[in-house]
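Dumped structure17.pdb below, it's PDB, C-alpha atoms:
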```
MODEL        1
ATOM      1  CA  MET A   1     -10.784  53.776 -60.383
ATOM      2  CA  SER A   2      -8.246  52.597 -57.880
ATOM      3  CA  MET A   3      -5.489  55.093 -57.187
ATOM      4  CA  THR A   4      -2.945  52.302 -57.472
ATOM      5  CA  THR A   5      -3.617  52.259 -61.231
ATOM      6  CA  VAL A   6      -2.592  55.918 -61.585
ATOM      7  CA  ALA A   7       1.127  56.491 -62.077
ATOM      8  CA  ILE A   8       2.085  59.503 -59.979
ATOM      9  CA  THR A   9       4.808  61.572 -61.636
ATOM     10  CA  LYS A  10       5.636  63.635 -58.545
ATOM     11  CA  GLU A  11       4.488  63.617 -54.940
ATOM     12  CA  ILE A  12       4.626  66.853 -52.944
ATOM     13  CA  ASP A  13       4.619  66.457 -49.176
ATOM     14  CA  ALA A  14       3.038  69.671 -47.887
ATOM     15  CA  ARG A  15       2.044  68.237 -44.490
ATOM     16  CA  GLY A  16       2.967  70.782 -41.856
ATOM     17  CA  SER A  17       2.332  73.620 -44.305
ATOM     18  CA  PHE A  18      -0.793  75.683 -43.768
ATOM     19  CA  CYS A  19      -3.182  77.402 -46.157
ATOM     20  CA  PRO A  20      -2.341  78.517 -48.764
ATOM     21  CA  GLY A  21       0.965  76.602 -48.668
ATOM     22  CA  PRO A  22      -0.196  73.235 -50.060
ATOM     23  CA  LEU A  23      -2.109  74.945 -52.890
ATOM     24  CA  MET A  24       0.856  77.178 -53.736
ATOM     25  CA  GLU A  25       3.129  74.112 -53.868
ATOM     26  CA  LEU A  26       0.685  72.443 -56.274
ATOM     27  CA  ILE A  27       0.458  75.529 -58.509
ATOM     28  CA  ARG A  28       4.256  75.908 -58.623
ATOM     29  CA  ASN A  29       4.704  72.264 -59.572
ATOM     30  CA  VAL A  30       1.896  72.251 -62.167
ATOM     31  CA  LYS A  31       3.619  75.166 -63.930
ATOM     32  CA  THR A  32       6.800  73.139 -64.433
ATOM     33  CA  ALA A  33       5.111  69.780 -65.100
ATOM     34  CA  GLN A  34       4.503  68.296 -68.536
ATOM     35  CA  VAL A  35       0.967  67.851 -69.891
ATOM     36  CA  GLY A  36      -0.253  64.453 -68.692
ATOM     37  CA  ASP A  37       1.900  64.453 -65.561
ATOM     38  CA  VAL A  38       0.110  63.360 -62.400
ATOM     39  CA  LEU A  39       0.979  65.255 -59.225
ATOM     40  CA  ALA A  40       0.014  64.198 -55.711
ATOM     41  CA  VAL A  41      -0.097  66.713 -52.879
ATOM     42  CA  LEU A  42      -0.148  65.535 -49.271
ATOM     43  CA  SER A  43      -1.825  68.069 -46.995
ATOM     44  CA  GLY A  44      -2.970  68.023 -43.404
ATOM     45  CA  ASP A  45      -4.490  71.509 -43.654
ATOM     46  CA  PRO A  46      -8.321  71.398 -43.513
ATOM     47  CA  GLY A  47      -8.528  74.371 -45.909
ATOM     48  CA  SER A  48      -7.033  72.244 -48.678
ATOM     49  CA  ILE A  49     -10.262  70.205 -48.856
ATOM     50  CA  LYS A  50     -11.967  73.218 -50.456
ATOM     51  CA  ASP A  51      -9.043  75.141 -51.907
ATOM     52  CA  ILE A  52      -7.299  72.485 -53.998
ATOM     53  CA  PRO A  53     -10.392  71.058 -55.769
ATOM     54  CA  ALA A  54     -11.679  74.617 -56.418
ATOM     55  CA  TRP A  55      -8.353  75.649 -57.971
ATOM     56  CA  VAL A  56      -8.207  72.460 -60.084
ATOM     57  CA  VAL A  57     -11.612  73.306 -61.610
ATOM     58  CA  LYS A  58     -10.727  76.990 -62.081
ATOM     59  CA  ALA A  59      -7.377  76.101 -63.696
ATOM     60  CA  ASN A  60      -9.051  73.489 -65.939
ATOM     61  CA  GLN A  61      -6.890  70.649 -64.636
ATOM     62  CA  GLU A  62      -8.185  67.195 -63.628
ATOM     63  CA  LEU A  63      -8.712  66.002 -60.060
ATOM     64  CA  VAL A  64      -8.004  62.302 -60.484
ATOM     65  CA  GLY A  65      -8.589  61.361 -56.871
ATOM     66  CA  LEU A  66      -8.612  62.210 -53.201
ATOM     67  CA  GLU A  67      -7.320  59.765 -50.604
ATOM     68  CA  ASP A  68      -7.309  59.790 -46.826
ATOM     69  CA  ILE A  69      -3.848  59.235 -45.330
ATOM     70  CA  ASP A  70      -4.071  57.732 -41.823
ATOM     71  CA  GLY A  71      -6.897  60.126 -40.906
ATOM     72  CA  SER A  72      -4.385  62.956 -40.499
ATOM     73  CA  ALA A  73      -3.875  64.114 -44.073
ATOM     74  CA  LYS A  74      -5.296  63.937 -47.583
ATOM     75  CA  ARG A  75      -3.595  63.074 -50.855
ATOM     76  CA  PHE A  76      -4.916  65.147 -53.755
ATOM     77  CA  ILE A  77      -4.087  63.575 -57.123
ATOM     78  CA  VAL A  78      -4.113  66.018 -60.036
ATOM     79  CA  ARG A  79      -3.398  65.488 -63.738
ATOM     80  CA  LYS A  80      -2.044  68.408 -65.760
ATOM     81  CA  THR A  81      -4.291  68.737 -68.810
ATOM     82  CA  HIS A  82      -2.751  71.701 -70.661
TER      83      HIS A  82
ENDMDL
END
```

Take the structure in this file and express it as structure tokens.
Amino acid sequence: MSMTTVAITKEIDARGSFCPGPLMELIRNVKTAQVGDVLAVLSGDPGSIKDIPAWVVKANQELVGLEDIDGSAKRFIVRKTH
């Protein structure tokens, strides 16, 4: 699936924030999001590669996609499922 087909409800720019900052931003925003909302988190922290997908599975949310942003950051795309 191309990420351009996914409508992102909110994008969180956590570049410049270090572990666990990007994950904490995602968690805070998931709590206030509506079921079905799609959140994108931009993170340049290497720890996010493990931390965010692991939390998504643990929290029973959906990791829709992971994109590379200019080789310096990743965009994690997460759908709130409940």

*asked:* Residue by residue, what does the PyMOL selection byres ((chain A and resi 81) around 8) grab here? Present the result as a PyMOL selection string.
replied: chain A and resi 35-36+60-62+79-80+82

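Proximity of A:Val64, A:Thr5, A:Ile77, A:Phe18 to Ala40 of chain A, computed with all atoms listed in the file, is greatest for A:Ile77.
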
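The set of residues that the PyMOL selection byres ((chain A and resi 15) around 6) takes from this file is Asp13, Ala14, Gly16, Ser17, Leu42, Ser43 and Gly44 of chain A.
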
Could you write those residues out with C-alpha atoms, as a compact mmCIF listing (two decimals), in the coordinates of the input?
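Result file part_18.txt:
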```txt
# COMPACT_ATOMS: atom_id res chain seq x y z
CA ASP A 13 4.62 66.46 -49.18
CA ALA A 14 3.04 69.67 -47.89
CA GLY A 16 2.97 70.78 -41.86
CA SER A 17 2.33 73.62 -44.30
CA LEU A 42 -0.15 65.54 -49.27
CA SER A 43 -1.82 68.07 -47.00
CA GLY A 44 -2.97 68.02 -43.40
```

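The residue that comes closest to Trp55 of chain A, out of A:Val38, A:Leu23, A:Ala33, A:Arg75 and on the basis of all atoms listed in the file, is A:Leu23.
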
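Restricting the calculation to all atoms listed in the file, the smallest distance between Ile52 of chain A and any of A:Thr9, A:Asp37, A:Leu66, A:Lys31 is found for A:Leu66.
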
Set up a box along x, y and z of the file covering all listed atoms of segment 8-23 of chain A, add 8 Å on every one of the six sides, and write the centre and edge lengths in Å to one decimal, as JSON.
```
{"center_x": 1.2, "center_y": 69.0, "center_z": -51.7, "size_x": 24.8, "size_y": 35.0, "size_z": 35.8}
```

_atom CA of Ser72 of chain A to atom CA of Gln34 of chain A, straight-line distance in Å_ = 29.9 Å

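The gap separating atom CA of Leu39 of chain A from atom CA of Ile8 of chain A is 5.9 Å, in Å to one decimal.
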
_Of the listed residues A:Leu63, A:Lys10, A:Arg28, A:Lys74, that which approaches Ile49 of chain A most closely, counting all atoms listed in the file_ = A:Lys74

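Interatomic distance, atom CA of Asn29 of chain A against atom CA of Pro46 of chain A: 20.7 Å.
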
_Residues returned when the PyMOL selection byres ((chain A and resi 20) around 9) runs on this file, as a VMD selection string_ = chain A and resid 17 to 19 21 to 25 45 47 to 48 51

*Tell me which of A:Phe76, A:Val6, A:Ile69, A:Ile12 sits closest to Pro53 of chain A, counting only C-alpha atoms.*
A:Phe76

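Minimum atom-to-atom distance to Val30 of chain A, evaluated using all atoms listed in the file, belongs to A:Val78 out of A:Ala73, A:Lys50, A:Glu67, A:Val78.
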